[in-house]
Amino acid sequence: MFRIGDVCLKIAGRDAGLVGVVVKIEENGYLLLDGQVRRRAVNPIHVEPIGRNVKIKENATHEEVVEALKKLGIEVKPRGEPKQHGPRPRKQRKISKKKEEKEREKKKVVEKQEKEEQKTTEKQEEKEG
């Protein structure tokens, strides 16, 4: 039914609607597909042949399959590198309204003290100068 090199359309699963090439027929009847689909063994029930065939050897590499599909005019997206994950975000504790108000008051007091210190230093500089 299927032969090595048959171009097929995946009709079920995550890769449904994508084109692949039969790279190997396994003993249990499953097909090893590669191309636009992820390289994996699939049930022949989930694959529909589209009537095209490419010349590849059994267990051909992904690059060989891509080149064969390019000759048919089927473009395959290059496989990217794995996603790089950044540091895990940490939860910040919620601050109650009372604590928030206290913190604001502390900031105001500190600002007033700094202003007063500036005024006193300015007055002392004026007296000296």
# chains A, B, ... in the order shown; residues from 1 in each chain; ligands from 1
>>> residues_around(residues="A:Lys77", least_positions_apart="4", cutoff="12 Å", atoms="only C-alpha atoms", output="ChimeraX atom specification")
/A:18-19,35-38,62-63,66-67,69-70
>>> write_last_selection(atoms="C-alpha atoms", output="PDB file, in the first residue's frame")
ATOM      1  CA  LEU A  18       1.147  18.871   6.800  1.00  0.00           C
ATOM      2  CA  VAL A  19       3.065  16.931   4.157  1.00  0.00           C
ATOM      3  CA  GLY A  35       9.228  16.453   6.136  1.00  0.00           C
ATOM      4  CA  GLN A  36       6.907  19.225   7.283  1.00  0.00           C
ATOM      5  CA  VAL A  37       5.732  16.843  10.008  1.00  0.00           C
ATOM      6  CA  ARG A  38       7.799  15.859  13.014  1.00  0.00           C
ATOM      7  CA  HIS A  62      15.881  15.028   7.423  1.00  0.00           C
ATOM      8  CA  GLU A  63      18.103  17.080   5.102  1.00  0.00           C
ATOM      9  CA  VAL A  66      13.869  18.367   2.647  1.00  0.00           C
ATOM     10  CA  GLU A  67      15.912  18.448  -0.568  1.00  0.00           C
ATOM     11  CA  LEU A  69      10.497  17.905  -1.205  1.00  0.00           C
ATOM     12  CA  LYS A  70      12.073  21.130  -2.534  1.00  0.00           C
TER      13      LYS A  70
END
>>> select_by_dssp(residues="stretch 22-110 of chain A", states="alpha helix (DSSP H)", output="PyMOL selection string")
chain A and resi 62-71+97-110
>>> residues_around(residues="A:Ala60", least_positions_apart="6", cutoff="12 Å", atoms="only C-alpha atoms", output="PyMOL selection string")
chain A and resi 4-5+21-24+32-35+39+54+66-68
>>> atom_distance(atom1="atom CA of A:Ile95", atom2="atom CA of A:Lys115")
28.3 Å
>>> atom_distance(atom1="atom CA of A:Met1", atom2="atom CA of A:Val65")
20.3 Å
>>> atom_distance(atom1="atom CA of A:Asn59", atom2="atom CA of A:Asn43")
17.4 Å
>>> closest_residue(among="A:Gly17, A:Ile25, A:Gly86, A:Arg3", to="A:Lys55", atoms="only C-alpha atoms")
A:Arg3
>>> select_by_dssp(residues="chain A", states="strand (DSSP E)", output="MDAnalysis selection string")
chainID A and resid 6:10 19:25 31:35 40:42 47:53
>>> write_last_selection(atoms="N, CA and C atoms", output="short mmCIF file (atom, residue, chain, number, x, y, z; two decimals), in the first residue's frame")
data_model
loop_
_atom_site.label_atom_id
_atom_site.label_comp_id
_atom_site.auth_asym_id
_atom_site.auth_seq_id
_atom_site.Cartn_x
_atom_site.Cartn_y
_atom_site.Cartn_z
N ASP A 6 6.95 7.72 -0.75
CA ASP A 6 5.61 8.24 -1.01
C ASP A 6 5.40 9.53 -0.24
N VAL A 7 4.85 10.53 -0.93
CA VAL A 7 4.53 11.80 -0.29
C VAL A 7 3.10 11.69 0.22
N CYS A 8 2.92 12.01 1.51
CA CYS A 8 1.62 11.81 2.15
C CYS A 8 1.19 13.08 2.88
N LEU A 9 -0.11 13.15 3.12
CA LEU A 9 -0.71 14.23 3.89
C LEU A 9 -1.19 13.66 5.21
N LYS A 10 -0.77 14.24 6.29
CA LYS A 10 -1.19 13.77 7.61
C LYS A 10 -2.59 14.31 7.86
N VAL A 19 2.59 17.94 5.11
CA VAL A 19 3.07 16.93 4.16
C VAL A 19 4.30 16.24 4.72
N GLY A 20 4.38 14.95 4.49
CA GLY A 20 5.54 14.17 4.91
C GLY A 20 5.87 13.11 3.88
N VAL A 21 7.06 12.53 4.03
CA VAL A 21 7.52 11.48 3.13
C VAL A 21 7.73 10.21 3.95
N VAL A 22 7.32 9.07 3.39
CA VAL A 22 7.55 7.80 4.06
C VAL A 22 9.04 7.49 3.96
N VAL A 23 9.70 7.41 5.12
CA VAL A 23 11.13 7.16 5.16
C VAL A 23 11.41 5.69 5.44
N LYS A 24 10.49 5.06 6.19
CA LYS A 24 10.69 3.65 6.54
C LYS A 24 9.33 3.04 6.86
N ILE A 25 9.18 1.76 6.52
CA ILE A 25 7.98 1.03 6.91
C ILE A 25 8.40 0.05 7.99
N LEU A 31 4.36 3.73 9.77
CA LEU A 31 5.20 4.42 8.80
C LEU A 31 6.04 5.46 9.51
N LEU A 32 7.30 5.55 9.17
CA LEU A 32 8.16 6.61 9.69
C LEU A 32 8.09 7.75 8.69
N LEU A 33 7.48 8.88 9.12
CA LEU A 33 7.32 10.05 8.25
C LEU A 33 8.30 11.13 8.64
N ASP A 34 8.69 11.94 7.65
CA ASP A 34 9.54 13.10 7.88
C ASP A 34 9.21 14.13 6.82
N GLY A 35 9.50 15.37 7.08
CA GLY A 35 9.23 16.45 6.14
C GLY A 35 8.71 17.65 6.90
N ARG A 40 8.47 10.93 12.96
CA ARG A 40 7.95 9.95 13.91
C ARG A 40 7.16 8.87 13.21
N ALA A 41 6.94 7.77 13.93
CA ALA A 41 6.16 6.66 13.40
C ALA A 41 4.68 7.00 13.54
N VAL A 42 3.94 6.81 12.46
CA VAL A 42 2.51 7.12 12.47
C VAL A 42 1.71 5.93 11.97
N VAL A 47 -2.81 8.76 7.68
CA VAL A 47 -2.03 9.34 6.58
C VAL A 47 -2.76 9.08 5.27
N GLU A 48 -2.74 10.08 4.38
CA GLU A 48 -3.38 9.95 3.07
C GLU A 48 -2.33 10.19 1.99
N PRO A 49 -2.09 9.22 1.09
CA PRO A 49 -1.11 9.45 0.03
C PRO A 49 -1.65 10.50 -0.95
N ILE A 50 -0.76 11.35 -1.47
CA ILE A 50 -1.21 12.39 -2.41
C ILE A 50 -0.81 12.05 -3.85
N GLY A 51 -0.28 10.86 -4.07
CA GLY A 51 0.00 10.41 -5.43
C GLY A 51 1.35 10.84 -5.98
N ARG A 52 2.22 11.35 -5.16
CA ARG A 52 3.58 11.72 -5.61
C ARG A 52 4.58 10.83 -4.90
N ASN A 53 5.75 10.73 -5.52
CA ASN A 53 6.80 9.90 -4.95
C ASN A 53 8.13 10.60 -5.17
#
